[in-house]
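Student: The structure file target.pdb (PDB, C-alpha atoms) is provided below.
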```
ATOM      1  CA  MET A1463       9.143   8.661 -27.333
ATOM      2  CA  THR A1464      10.416   7.030 -24.166
ATOM      3  CA  ALA A1465       9.118   3.586 -23.364
ATOM      4  CA  ARG A1466       7.330   3.308 -20.022
ATOM      5  CA  ILE A1467       7.992   0.006 -18.277
ATOM      6  CA  GLY A1468       6.066  -0.865 -15.119
ATOM      7  CA  VAL A1469       7.709  -2.644 -12.184
ATOM      8  CA  ILE A1470       5.336  -4.302  -9.714
ATOM      9  CA  THR A1471       5.796  -4.257  -5.949
ATOM     10  CA  PHE A1472       3.970  -6.872  -3.869
ATOM     11  CA  PRO A1473       4.287  -7.216  -0.082
ATOM     12  CA  GLY A1474       7.555  -9.136   0.206
ATOM     13  CA  THR A1475       9.011  -8.125  -3.167
ATOM     14  CA  LEU A1476      12.767  -7.531  -2.858
ATOM     15  CA  ASP A1477      14.165  -6.764  -6.283
ATOM     16  CA  ASP A1478      11.820  -4.041  -7.520
ATOM     17  CA  VAL A1479      14.421  -1.339  -6.833
ATOM     18  CA  ASP A1480      17.094  -3.100  -8.893
ATOM     19  CA  ALA A1481      14.550  -3.782 -11.626
ATOM     20  CA  VAL A1482      13.667  -0.076 -11.720
ATOM     21  CA  ARG A1483      17.374   0.734 -11.934
ATOM     22  CA  ALA A1484      17.863  -1.707 -14.816
ATOM     23  CA  VAL A1485      14.874  -0.276 -16.696
ATOM     24  CA  GLN A1486      16.254   3.234 -16.244
ATOM     25  CA  ARG A1487      19.758   2.162 -17.286
ATOM     26  CA  SER A1488      18.332   0.841 -20.556
ATOM     27  CA  GLY A1489      16.922   4.303 -21.239
ATOM     28  CA  ALA A1490      13.270   3.645 -20.470
ATOM     29  CA  GLU A1491      11.065   5.294 -17.887
ATOM     30  CA  ALA A1492      10.348   3.019 -14.912
ATOM     31  CA  VAL A1493       6.797   3.218 -13.570
ATOM     32  CA  PRO A1494       6.214   1.766 -10.075
ATOM     33  CA  LEU A1495       3.086  -0.410  -9.930
ATOM     34  CA  TRP A1496       1.436  -1.425  -6.664
ATOM     35  CA  HIS A1497      -0.060  -4.876  -6.102
ATOM     36  CA  ALA A1498      -3.381  -3.526  -4.853
ATOM     37  CA  ASP A1499      -3.835  -1.063  -7.726
ATOM     38  CA  ALA A1500      -5.332  -2.597 -10.851
ATOM     39  CA  ASP A1501      -4.358   0.469 -12.893
ATOM     40  CA  LEU A1502      -1.302  -0.171 -15.080
ATOM     41  CA  HIS A1503      -0.912   3.586 -15.650
ATOM     42  CA  GLY A1504      -0.541   3.187 -19.394
ATOM     43  CA  VAL A1505       2.764   1.295 -19.317
ATOM     44  CA  ASP A1506       4.115  -0.345 -22.475
ATOM     45  CA  ALA A1507       5.559  -3.396 -20.724
ATOM     46  CA  VAL A1508       5.691  -4.895 -17.229
ATOM     47  CA  VAL A1509       8.449  -6.467 -15.145
ATOM     48  CA  VAL A1510       7.332  -8.792 -12.337
ATOM     49  CA  PRO A1511      10.398  -8.762 -10.079
ATOM     50  CA  GLY A1512      11.832 -11.224  -7.593
ATOM     51  CA  GLY A1513      11.483 -11.641  -3.868
ATOM     52  CA  PHE A1514       9.060 -13.461  -1.615
ATOM     53  CA  SER A1515       5.626 -12.063  -2.419
ATOM     54  CA  TYR A1516       3.198 -12.716   0.437
ATOM     55  CA  GLY A1517       5.978 -14.575   2.240
ATOM     56  CA  ASP A1518       5.792 -17.428  -0.288
ATOM     57  CA  TYR A1519       2.784 -18.645   1.753
ATOM     58  CA  LEU A1520       0.831 -21.554   0.236
ATOM     59  CA  ARG A1521       3.188 -21.768  -2.785
ATOM     60  CA  CYS A1522       5.597 -19.276  -4.330
ATOM     61  CA  GLY A1523       3.500 -16.844  -6.350
ATOM     62  CA  ALA A1524       0.174 -18.525  -5.566
ATOM     63  CA  ILE A1525      -1.288 -15.542  -3.715
ATOM     64  CA  ALA A1526       0.371 -12.788  -5.761
ATOM     65  CA  ARG A1527      -1.221 -14.280  -8.856
ATOM     66  CA  PHE A1528      -4.619 -13.080  -7.557
ATOM     67  CA  ALA A1529      -3.527  -9.522  -6.715
ATOM     68  CA  PRO A1530      -5.558  -6.795  -8.473
ATOM     69  CA  VAL A1531      -2.549  -5.656 -10.502
ATOM     70  CA  MET A1532      -2.048  -9.181 -11.867
ATOM     71  CA  THR A1533      -5.595  -9.288 -13.197
ATOM     72  CA  SER A1534      -4.693  -6.254 -15.307
ATOM     73  CA  VAL A1535      -1.340  -7.742 -16.305
ATOM     74  CA  ILE A1536      -3.041 -10.948 -17.462
ATOM     75  CA  ASP A1537      -5.506  -8.904 -19.546
ATOM     76  CA  ALA A1538      -2.740  -6.753 -21.058
ATOM     77  CA  ALA A1539      -0.546  -9.780 -21.751
ATOM     78  CA  GLY A1540      -3.447 -11.232 -23.700
ATOM     79  CA  THR A1541      -3.265  -8.288 -26.075
ATOM     80  CA  GLY A1542       0.487  -8.657 -26.598
ATOM     81  CA  MET A1543       2.048  -6.434 -23.966
ATOM     82  CA  PRO A1544       5.589  -7.656 -23.174
ATOM     83  CA  VAL A1545       5.880  -9.129 -19.673
ATOM     84  CA  LEU A1546       9.071 -10.291 -17.957
ATOM     85  CA  GLY A1547       8.954 -12.405 -14.799
ATOM     86  CA  ILE A1548      12.176 -12.711 -12.820
ATOM     87  CA  CYS A1549      12.579 -15.397 -10.121
ATOM     88  CA  ASN A1550       9.478 -14.960  -7.926
ATOM     89  CA  GLY A1551       8.037 -13.103 -10.929
ATOM     90  CA  PHE A1552       8.580 -16.236 -13.054
ATOM     91  CA  GLN A1553       6.814 -18.287 -10.365
ATOM     92  CA  ILE A1554       3.910 -15.798 -10.386
ATOM     93  CA  LEU A1555       3.574 -15.951 -14.203
ATOM     94  CA  CYS A1556       3.480 -19.769 -14.020
ATOM     95  CA  GLU A1557       0.854 -19.693 -11.249
ATOM     96  CA  ALA A1558      -1.148 -17.207 -13.339
ATOM     97  CA  GLY A1559      -1.098 -19.558 -16.306
ATOM     98  CA  LEU A1560       0.732 -17.045 -18.525
ATOM     99  CA  LEU A1561       3.610 -19.521 -18.764
ATOM    100  CA  PRO A1562       3.379 -23.337 -18.543
ATOM    101  CA  GLY A1563       4.873 -25.490 -15.801
ATOM    102  CA  ALA A1564       5.809 -24.744 -12.207
ATOM    103  CA  LEU A1565       8.844 -24.072 -10.031
ATOM    104  CA  VAL A1566       9.548 -26.403  -7.111
ATOM    105  CA  ARG A1567      12.057 -26.742  -4.262
ATOM    106  CA  ASN A1568      15.667 -27.106  -5.443
ATOM    107  CA  ASP A1569      16.586 -30.766  -5.692
ATOM    108  CA  LYS A1570      19.381 -30.513  -3.096
ATOM    109  CA  LEU A1571      17.162 -28.374  -0.791
ATOM    110  CA  HIS A1572      19.832 -25.640  -0.611
ATOM    111  CA  PHE A1573      19.126 -22.030  -1.451
ATOM    112  CA  VAL A1574      21.433 -21.387  -4.408
ATOM    113  CA  CYS A1575      23.111 -17.977  -4.665
ATOM    114  CA  ARG A1576      25.808 -17.698  -7.291
ATOM    115  CA  ASP A1577      26.808 -16.138 -10.572
ATOM    116  CA  GLN A1578      25.450 -18.552 -13.167
ATOM    117  CA  TRP A1579      26.350 -19.042 -16.808
ATOM    118  CA  LEU A1580      23.339 -19.335 -19.096
ATOM    119  CA  ARG A1581      23.117 -20.164 -22.770
ATOM    120  CA  VAL A1582      20.776 -18.122 -24.945
ATOM    121  CA  GLU A1583      18.599 -20.677 -26.754
ATOM    122  CA  ASN A1584      16.094 -18.311 -28.375
ATOM    123  CA  ASN A1585      17.023 -14.780 -29.405
ATOM    124  CA  THR A1586      13.705 -13.987 -31.072
ATOM    125  CA  THR A1587      11.538 -13.233 -28.014
ATOM    126  CA  ALA A1588      10.610  -9.692 -26.999
ATOM    127  CA  TRP A1589      13.171  -9.939 -24.186
ATOM    128  CA  SER A1590      16.136 -11.644 -25.917
ATOM    129  CA  THR A1591      16.758 -10.179 -29.387
ATOM    130  CA  ARG A1592      19.876  -8.324 -28.258
ATOM    131  CA  TYR A1593      21.711 -11.618 -27.644
ATOM    132  CA  ASP A1594      23.438 -13.826 -30.181
ATOM    133  CA  SER A1595      21.858 -17.263 -30.402
ATOM    134  CA  GLY A1596      24.014 -19.687 -28.430
ATOM    135  CA  ALA A1597      25.749 -16.871 -26.551
ATOM    136  CA  GLU A1598      26.714 -17.585 -22.947
ATOM    137  CA  VAL A1599      25.877 -14.897 -20.392
ATOM    138  CA  LEU A1600      26.736 -14.539 -16.703
ATOM    139  CA  ILE A1601      23.726 -13.704 -14.528
ATOM    140  CA  PRO A1602      23.205 -14.100 -10.755
ATOM    141  CA  LEU A1603      20.920 -16.919  -9.647
ATOM    142  CA  LYS A1604      19.480 -16.761  -6.119
ATOM    143  CA  SER A1605      16.549 -18.994  -5.318
ATOM    144  CA  GLY A1606      15.419 -21.872  -3.154
ATOM    145  CA  GLU A1607      12.549 -22.978  -5.371
ATOM    146  CA  GLY A1608      13.930 -22.728  -8.880
ATOM    147  CA  GLY A1609      13.465 -26.258 -10.171
ATOM    148  CA  TYR A1610      11.439 -26.013 -13.377
ATOM    149  CA  MET A1611       8.857 -28.800 -13.721
ATOM    150  CA  ALA A1612       6.366 -29.591 -16.454
ATOM    151  CA  ASP A1613       4.865 -32.752 -17.878
ATOM    152  CA  ASP A1614       6.562 -34.502 -20.799
ATOM    153  CA  ALA A1615       4.111 -33.156 -23.375
ATOM    154  CA  THR A1616       4.749 -29.586 -22.246
ATOM    155  CA  LEU A1617       8.526 -30.073 -22.280
ATOM    156  CA  GLU A1618       8.348 -31.518 -25.808
ATOM    157  CA  ARG A1619       6.246 -28.580 -26.948
ATOM    158  CA  LEU A1620       8.642 -26.054 -25.388
ATOM    159  CA  ASP A1621      11.622 -27.740 -27.048
ATOM    160  CA  GLY A1622       9.886 -28.233 -30.377
ATOM    161  CA  ASP A1623       8.653 -24.658 -30.585
ATOM    162  CA  GLY A1624      11.964 -23.167 -29.425
ATOM    163  CA  ARG A1625      10.351 -21.652 -26.356
ATOM    164  CA  VAL A1626      13.245 -22.404 -24.035
ATOM    165  CA  VAL A1627      14.948 -18.997 -23.872
ATOM    166  CA  PHE A1628      17.821 -19.786 -21.465
ATOM    167  CA  ARG A1629      19.428 -23.003 -20.225
ATOM    168  CA  TYR A1630      21.879 -23.457 -17.373
ATOM    169  CA  VAL A1631      25.443 -24.117 -18.527
ATOM    170  CA  GLY A1632      27.501 -26.639 -16.539
ATOM    171  CA  GLU A1633      26.142 -28.324 -13.451
ATOM    172  CA  ASN A1634      22.369 -28.015 -13.101
ATOM    173  CA  PRO A1635      21.924 -25.782 -10.022
ATOM    174  CA  ASN A1636      18.429 -26.796  -8.931
ATOM    175  CA  GLY A1637      17.129 -29.874 -10.704
ATOM    176  CA  SER A1638      15.299 -27.983 -13.459
ATOM    177  CA  LEU A1639      14.132 -30.396 -16.138
ATOM    178  CA  GLY A1640      16.096 -29.950 -19.349
ATOM    179  CA  ASP A1641      18.417 -27.498 -17.553
ATOM    180  CA  ILE A1642      15.709 -24.899 -18.221
ATOM    181  CA  ALA A1643      16.427 -21.467 -16.740
ATOM    182  CA  GLY A1644      13.832 -19.448 -18.673
ATOM    183  CA  ILE A1645      10.951 -19.923 -21.108
ATOM    184  CA  ALA A1646       8.614 -17.888 -23.301
ATOM    185  CA  ASN A1647       4.919 -18.093 -24.144
ATOM    186  CA  GLU A1648       3.690 -18.941 -27.654
ATOM    187  CA  THR A1649       4.117 -15.390 -28.957
ATOM    188  CA  GLY A1650       7.501 -14.715 -27.314
ATOM    189  CA  ARG A1651       6.108 -11.577 -25.675
ATOM    190  CA  ILE A1652       6.034 -13.131 -22.196
ATOM    191  CA  VAL A1653       9.284 -14.467 -20.743
ATOM    192  CA  GLY A1654      10.095 -15.845 -17.300
ATOM    193  CA  LEU A1655      13.459 -16.877 -15.874
ATOM    194  CA  MET A1656      14.851 -17.761 -12.465
ATOM    195  CA  PRO A1657      18.201 -15.878 -12.755
ATOM    196  CA  HIS A1658      18.281 -12.122 -12.197
ATOM    197  CA  PRO A1659      19.218  -9.990 -15.225
ATOM    198  CA  GLU A1660      18.490  -6.833 -13.205
ATOM    199  CA  HIS A1661      21.455  -7.722 -10.969
ATOM    200  CA  ALA A1662      23.825  -7.872 -13.956
ATOM    201  CA  ILE A1663      23.739  -4.416 -15.499
ATOM    202  CA  ASP A1664      27.161  -3.044 -14.599
ATOM    203  CA  ALA A1665      30.530  -4.191 -13.283
ATOM    204  CA  LEU A1666      30.101  -2.160 -10.090
ATOM    205  CA  THR A1667      27.164  -4.145  -8.710
ATOM    206  CA  GLY A1668      27.107  -7.378 -10.715
ATOM    207  CA  PRO A1669      29.313  -9.995 -12.334
ATOM    208  CA  SER A1670      28.686  -8.567 -15.811
ATOM    209  CA  ASP A1671      26.385  -6.267 -17.727
ATOM    210  CA  ASP A1672      24.906  -9.239 -19.584
ATOM    211  CA  GLY A1673      21.452  -8.676 -18.097
ATOM    212  CA  LEU A1674      20.943  -5.293 -19.732
ATOM    213  CA  GLY A1675      20.320  -6.973 -23.090
ATOM    214  CA  MET A1676      16.938  -8.182 -21.890
ATOM    215  CA  PHE A1677      15.770  -4.639 -21.209
ATOM    216  CA  TYR A1678      17.232  -3.268 -24.460
ATOM    217  CA  SER A1679      15.482  -6.114 -26.292
ATOM    218  CA  ALA A1680      12.127  -5.028 -24.865
ATOM    219  CA  LEU A1681      12.708  -1.485 -26.121
ATOM    220  CA  ASP A1682      13.413  -2.934 -29.582
ATOM    221  CA  ALA A1683      10.192  -4.940 -29.375
ATOM    222  CA  LEU A1684       8.291  -1.771 -28.469
ATOM    223  CA  GLY A1685       9.820   0.036 -31.439
ATOM    224  CA  VAL A1686      11.652   2.537 -29.276
ATOM    225  CA  ALA A1687      15.261   3.531 -29.845
ATOM    226  CA  ALA A1688      17.400   2.966 -26.772
TER     227      ALA A1688
ATOM    228  CA  MET B1117     -20.946 -25.238   9.516
ATOM    229  CA  ALA B1118     -18.975 -28.189   8.290
ATOM    230  CA  ARG B1119     -15.352 -29.141   8.427
ATOM    231  CA  VAL B1120     -13.714 -29.858   5.103
ATOM    232  CA  VAL B1121     -10.261 -31.364   4.807
ATOM    233  CA  VAL B1122      -8.155 -30.840   1.695
ATOM    234  CA  ASP B1123      -4.961 -32.868   1.409
ATOM    235  CA  VAL B1124      -2.438 -31.794  -1.207
ATOM    236  CA  MET B1125       0.459 -34.034  -2.232
ATOM    237  CA  PRO B1126       3.249 -33.685  -4.791
ATOM    238  CA  LYS B1127       2.462 -35.831  -7.834
ATOM    239  CA  PRO B1128       4.283 -39.176  -7.806
ATOM    240  CA  GLU B1129       6.522 -38.174 -10.718
ATOM    241  CA  ILE B1130       7.529 -34.873  -9.074
ATOM    242  CA  LEU B1131      10.727 -35.039  -7.036
ATOM    243  CA  ASP B1132      10.012 -34.444  -3.335
ATOM    244  CA  PRO B1133      13.373 -33.473  -1.821
ATOM    245  CA  GLN B1134      11.768 -32.554   1.517
ATOM    246  CA  GLY B1135      10.235 -36.008   1.866
ATOM    247  CA  GLN B1136      13.557 -37.566   0.880
ATOM    248  CA  ALA B1137      15.357 -35.534   3.539
ATOM    249  CA  VAL B1138      12.900 -36.741   6.181
ATOM    250  CA  ALA B1139      13.295 -40.333   4.996
ATOM    251  CA  GLY B1140      17.068 -39.926   5.089
ATOM    252  CA  ALA B1141      16.967 -38.651   8.673
ATOM    253  CA  LEU B1142      14.918 -41.538  10.096
ATOM    254  CA  PRO B1143      17.693 -44.199  10.093
ATOM    255  CA  ARG B1144      20.033 -41.690  11.728
ATOM    256  CA  LEU B1145      17.459 -41.322  14.506
ATOM    257  CA  GLY B1146      17.316 -45.077  14.940
ATOM    258  CA  PHE B1147      14.073 -45.683  13.068
ATOM    259  CA  ASP B1148      14.627 -48.376  10.467
ATOM    260  CA  GLY B1149      12.213 -49.847   7.960
ATOM    261  CA  VAL B1150      10.665 -46.658   6.514
ATOM    262  CA  ALA B1151      11.152 -47.065   2.783
ATOM    263  CA  GLU B1152       9.783 -43.737   1.582
ATOM    264  CA  VAL B1153       8.358 -40.430   2.846
ATOM    265  CA  ARG B1154       6.319 -37.982   0.778
ATOM    266  CA  GLN B1155       5.564 -34.569   2.275
ATOM    267  CA  GLY B1156       2.420 -32.637   1.459
ATOM    268  CA  LYS B1157      -0.035 -30.118   2.886
ATOM    269  CA  HIS B1158      -3.165 -30.595   4.979
ATOM    270  CA  PHE B1159      -5.845 -27.878   5.037
ATOM    271  CA  GLU B1160      -8.839 -27.739   7.404
ATOM    272  CA  LEU B1161     -11.635 -25.430   6.269
ATOM    273  CA  GLU B1162     -14.662 -24.452   8.352
ATOM    274  CA  VAL B1163     -17.335 -23.760   5.765
ATOM    275  CA  ASP B1164     -20.980 -22.697   5.734
ATOM    276  CA  ASP B1165     -23.515 -25.302   4.688
ATOM    277  CA  SER B1166     -24.145 -23.135   1.642
ATOM    278  CA  VAL B1167     -20.724 -24.005   0.203
ATOM    279  CA  ASP B1168     -21.333 -26.814  -2.243
ATOM    280  CA  ASP B1169     -18.949 -29.477  -3.544
ATOM    281  CA  ASP B1170     -18.399 -27.654  -6.834
ATOM    282  CA  THR B1171     -17.191 -24.586  -4.969
ATOM    283  CA  LEU B1172     -14.886 -26.692  -2.803
ATOM    284  CA  ALA B1173     -13.464 -28.324  -5.933
ATOM    285  CA  LYS B1174     -12.735 -24.885  -7.398
ATOM    286  CA  ILE B1175     -11.014 -23.794  -4.182
ATOM    287  CA  ALA B1176      -8.836 -26.898  -4.147
ATOM    288  CA  GLU B1177      -7.972 -27.035  -7.835
ATOM    289  CA  GLY B1178      -7.678 -23.316  -8.442
ATOM    290  CA  PHE B1179      -5.879 -22.212  -5.310
ATOM    291  CA  LEU B1180      -4.899 -24.720  -2.620
ATOM    292  CA  ALA B1181      -3.212 -27.050  -5.120
ATOM    293  CA  ASN B1182      -1.248 -26.424  -8.291
ATOM    294  CA  PRO B1183      -2.493 -29.117 -10.697
ATOM    295  CA  VAL B1184       0.804 -28.977 -12.605
ATOM    296  CA  ILE B1185       2.739 -30.487  -9.713
ATOM    297  CA  GLU B1186       0.206 -31.593  -7.076
ATOM    298  CA  ASP B1187      -2.708 -33.971  -6.534
ATOM    299  CA  TRP B1188      -5.426 -33.234  -4.001
ATOM    300  CA  THR B1189      -8.333 -34.867  -2.206
ATOM    301  CA  ILE B1190     -11.364 -33.206  -0.609
ATOM    302  CA  ARG B1191     -13.479 -34.736   2.145
ATOM    303  CA  ARG B1192     -16.138 -33.513   4.541
ATOM    304  CA  VAL B1193     -15.557 -34.770   8.070
ATOM    305  CA  GLU B1194     -18.064 -35.268  10.873
ATOM    306  CA  GLN B1195     -17.726 -32.683  13.643
TER     307      GLN B1195
END
```
Re-express the file's structure as structure tokens.

Tutor:
Amino acid sequence: MTARIGVITFPGTLDDVDAVRAVQRSGAEAVPLWHADADLHGVDAVVVPGGFSYGDYLRCGAIARFAPVMTSVIDAAGTGMPVLGICNGFQILCEAGLLPGALVRNDKLHFVCRDQWLRVENNTTAWSTRYDSGAEVLIPLKSGEGGYMADDATLERLDGDGRVVFRYVGENPNGSLGDIAGIANETGRIVGLMPHPEHAIDALTGPSDDGLGMFYSALDALGVAA
Amino acid sequence: MARVVVDVMPKPEILDPQGQAVAGALPRLGFDGVAEVRQGKHFELEVDDSVDDDTLAKIAEGFLANPVIEDWTIRRVEQ
């Protein structure tokens, strides 16, 4: 059986093509999903890719969160379907309430675009089992509103429950509290991160192939051999 | 019809780098004495009389503002 992983395209999405390529490279079938179509076409997992959905109007992800396809994603996530939000996808999952907190303007106001070292803090989520705990991975980061914010109680809960999946290594690139680059929900099936694993799947187009592990991990979680 | 104004501001504890940049620019422009600037959003809604306060509260809290990072106020203004 080949896993079928959906990749959503909203108006203004940029990284759906690379996300499809990463899904295919991992050995899964990539299924394009359209923002206006509530049908998930029977996919086993969903990637919400990066870009500027709806032009980032109002707030990043605030309008995409109400797209018909997201209503279905929220329902499916509630029954345990793995969901990965990358960059704008992370912002959308936070706006949708699938992940806690919010992403705000980078503290130095600059759009940050660089290859970023991350430390794997939790290798038990559906999207991170292929990494060694504490491993450092090199993944591109490209965002203007990547500062992770949450209230103190939420941050304590994330830390206490081990729900921080990735932290920035070295200088904090955007003012994220706790150097948080990515988090998971309570069950570890839903993960969001600002850096772009789909841009790090081979030496030809990225700084490493460290990002592929996230997609392989999802196949493991789905019980499919890669 | 009525005009409703919704003002959305970053919570006090949330860093507002845009407001800081504006505050930082003022002395360079020759305007001294402005201690702090916070930047937010101002929405003007033209609504039917049938839209009640509960509905407006849902619009503000559920869409126009993100309660994780923003505070908001709602007021009806005389036309």

Student: For segment 1659-1672 of chain A, please output as JSON, numbers by chain all residues within 8 Å (counting all atoms listed in the file; exclusion window: fewer than 3 positions along the same chain).

Tutor: {"A": [1480, 1481, 1483, 1484, 1487, 1548, 1577, 1599, 1600, 1601, 1602, 1675, 1676]}

Student: Using only C-alpha atoms and a distance of at most 7 Å, pull out the residues of chain A that contact chain B, as a tab-separated table (two decimals) with C-alpha atoms, keeping the file's coordinate frame.

Tutor:
```
chain	number	residue	atom	x	y	z
A	1563	GLY	CA	4.87	-25.49	-15.80
A	1564	ALA	CA	5.81	-24.74	-12.21
A	1569	ASP	CA	16.59	-30.77	-5.69
A	1570	LYS	CA	19.38	-30.51	-3.10
A	1571	LEU	CA	17.16	-28.37	-0.79
A	1612	ALA	CA	6.37	-29.59	-16.45
```

Student: If you apply the PyMOL selection byres ((chain A and resi 1680-1683) around 12) to this file, what residues do you get, as a PyMOL selection string?

Tutor: chain A and resi 1463-1467+1485-1491+1506-1509+1542-1546+1585-1593+1650-1653+1674-1679+1684-1688

Student: Excluding Val1150 of chain B and any residue of its chain fewer than 2 positions from it, enumerate the residues within 12 Å of it, using only C-alpha atoms, and give them as an MDAnalysis selection string.

Tutor: chainID B and resid 1135:1136 1138:1148 1152:1154

Student: Measure the distance from atom CA of Pro1635 of chain A to atom CA of Asn1568 of chain A in Å and round it to one decimal.

Tutor: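 Straight-line distance from atom CA of Pro1635 of chain A to atom CA of Asn1568 of chain A works out to 7.9 Å.
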
Student: Box time for segment 1177-1184 of chain B: axis-aligned, enclosing all its listed atoms, 4 Å extra on each side; report centre and edge lengths in Å to one decimal, as JSON.

Tutor:
```
{"center_x": -3.6, "center_y": -25.7, "center_z": -7.6, "size_x": 16.8, "size_y": 14.9, "size_z": 18.0}
```

Student: Ranking B:Glu1194, B:Asp1165, B:Asp1187, B:Asp1170 by minimum distance to Val1121 of chain B and counting only C-alpha atoms, which one comes first?

Tutor: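 Distance minimum relative to Val1121 of chain B lands on B:Glu1194.
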
Student: What does the distance between atom CA of Tyr1516 of chain A and atom CA of Val1493 of chain A come to in Å, to one decimal place?

Tutor: 21.5 Å

Student: With only C-alpha atoms as the basis for distance, which of B:Ser1166, B:Val1122, B:Gly1149, B:Lys1174 is at the shortest distance from Arg1192 of chain B?

Tutor: B:Val1122

Student: For segment 1136-1151 of chain B, supply N, CA, C and O atoms and format the output as a PDB file, in the coordinates of the input.

Tutor:
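Saved result, part_14.pdb, follows:
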```pdb
ATOM      1  N   GLN B1136      12.326 -36.761   0.909  1.00  0.00           N
ATOM      2  CA  GLN B1136      13.557 -37.566   0.880  1.00  0.00           C
ATOM      3  C   GLN B1136      14.455 -37.227   2.062  1.00  0.00           C
ATOM      4  O   GLN B1136      15.082 -38.115   2.653  1.00  0.00           O
ATOM      5  N   ALA B1137      14.508 -35.932   2.409  1.00  0.00           N
ATOM      6  CA  ALA B1137      15.357 -35.534   3.539  1.00  0.00           C
ATOM      7  C   ALA B1137      14.828 -36.119   4.838  1.00  0.00           C
ATOM      8  O   ALA B1137      15.600 -36.565   5.703  1.00  0.00           O
ATOM      9  N   VAL B1138      13.490 -36.143   4.984  1.00  0.00           N
ATOM     10  CA  VAL B1138      12.900 -36.741   6.181  1.00  0.00           C
ATOM     11  C   VAL B1138      13.200 -38.236   6.217  1.00  0.00           C
ATOM     12  O   VAL B1138      13.619 -38.784   7.260  1.00  0.00           O
ATOM     13  N   ALA B1139      13.021 -38.889   5.062  1.00  0.00           N
ATOM     14  CA  ALA B1139      13.295 -40.333   4.996  1.00  0.00           C
ATOM     15  C   ALA B1139      14.755 -40.613   5.317  1.00  0.00           C
ATOM     16  O   ALA B1139      15.074 -41.604   5.995  1.00  0.00           O
ATOM     17  N   GLY B1140      15.639 -39.725   4.845  1.00  0.00           N
ATOM     18  CA  GLY B1140      17.068 -39.926   5.089  1.00  0.00           C
ATOM     19  C   GLY B1140      17.442 -39.743   6.549  1.00  0.00           C
ATOM     20  O   GLY B1140      18.425 -40.318   7.031  1.00  0.00           O
ATOM     21  N   ALA B1141      16.652 -38.926   7.270  1.00  0.00           N
ATOM     22  CA  ALA B1141      16.967 -38.651   8.673  1.00  0.00           C
ATOM     23  C   ALA B1141      16.523 -39.787   9.594  1.00  0.00           C
ATOM     24  O   ALA B1141      17.101 -39.977  10.664  1.00  0.00           O
ATOM     25  N   LEU B1142      15.493 -40.537   9.191  1.00  0.00           N
ATOM     26  CA  LEU B1142      14.918 -41.538  10.096  1.00  0.00           C
ATOM     27  C   LEU B1142      15.927 -42.596  10.542  1.00  0.00           C
ATOM     28  O   LEU B1142      16.022 -42.880  11.749  1.00  0.00           O
ATOM     29  N   PRO B1143      16.705 -43.199   9.621  1.00  0.00           N
ATOM     30  CA  PRO B1143      17.693 -44.199  10.093  1.00  0.00           C
ATOM     31  C   PRO B1143      18.708 -43.601  11.045  1.00  0.00           C
ATOM     32  O   PRO B1143      19.142 -44.264  11.998  1.00  0.00           O
ATOM     33  N   ARG B1144      19.071 -42.323  10.827  1.00  0.00           N
ATOM     34  CA  ARG B1144      20.033 -41.690  11.728  1.00  0.00           C
ATOM     35  C   ARG B1144      19.454 -41.532  13.126  1.00  0.00           C
ATOM     36  O   ARG B1144      20.175 -41.437  14.117  1.00  0.00           O
ATOM     37  N   LEU B1145      18.122 -41.457  13.215  1.00  0.00           N
ATOM     38  CA  LEU B1145      17.459 -41.322  14.506  1.00  0.00           C
ATOM     39  C   LEU B1145      17.145 -42.686  15.117  1.00  0.00           C
ATOM     40  O   LEU B1145      16.512 -42.765  16.175  1.00  0.00           O
ATOM     41  N   GLY B1146      17.535 -43.738  14.411  1.00  0.00           N
ATOM     42  CA  GLY B1146      17.316 -45.077  14.940  1.00  0.00           C
ATOM     43  C   GLY B1146      16.018 -45.725  14.496  1.00  0.00           C
ATOM     44  O   GLY B1146      15.643 -46.772  15.012  1.00  0.00           O
ATOM     45  N   PHE B1147      15.319 -45.091  13.560  1.00  0.00           N
ATOM     46  CA  PHE B1147      14.073 -45.683  13.068  1.00  0.00           C
ATOM     47  C   PHE B1147      14.333 -46.339  11.717  1.00  0.00           C
ATOM     48  O   PHE B1147      14.497 -45.649  10.703  1.00  0.00           O
ATOM     49  N   ASP B1148      14.376 -47.651  11.707  1.00  0.00           N
ATOM     50  CA  ASP B1148      14.627 -48.376  10.467  1.00  0.00           C
ATOM     51  C   ASP B1148      13.311 -48.868   9.881  1.00  0.00           C
ATOM     52  O   ASP B1148      12.289 -48.930  10.562  1.00  0.00           O
ATOM     53  N   GLY B1149      13.357 -49.204   8.598  1.00  0.00           N
ATOM     54  CA  GLY B1149      12.213 -49.847   7.960  1.00  0.00           C
ATOM     55  C   GLY B1149      11.261 -48.895   7.265  1.00  0.00           C
ATOM     56  O   GLY B1149      10.250 -49.334   6.725  1.00  0.00           O
ATOM     57  N   VAL B1150      11.527 -47.595   7.249  1.00  0.00           N
ATOM     58  CA  VAL B1150      10.665 -46.658   6.514  1.00  0.00           C
ATOM     59  C   VAL B1150      11.261 -46.479   5.119  1.00  0.00           C
ATOM     60  O   VAL B1150      12.332 -45.881   4.962  1.00  0.00           O
ATOM     61  N   ALA B1151      10.587 -47.025   4.130  1.00  0.00           N
ATOM     62  CA  ALA B1151      11.152 -47.065   2.783  1.00  0.00           C
ATOM     63  C   ALA B1151      11.061 -45.714   2.087  1.00  0.00           C
ATOM     64  O   ALA B1151      11.944 -45.329   1.321  1.00  0.00           O
TER      65      ALA B1151
END
```
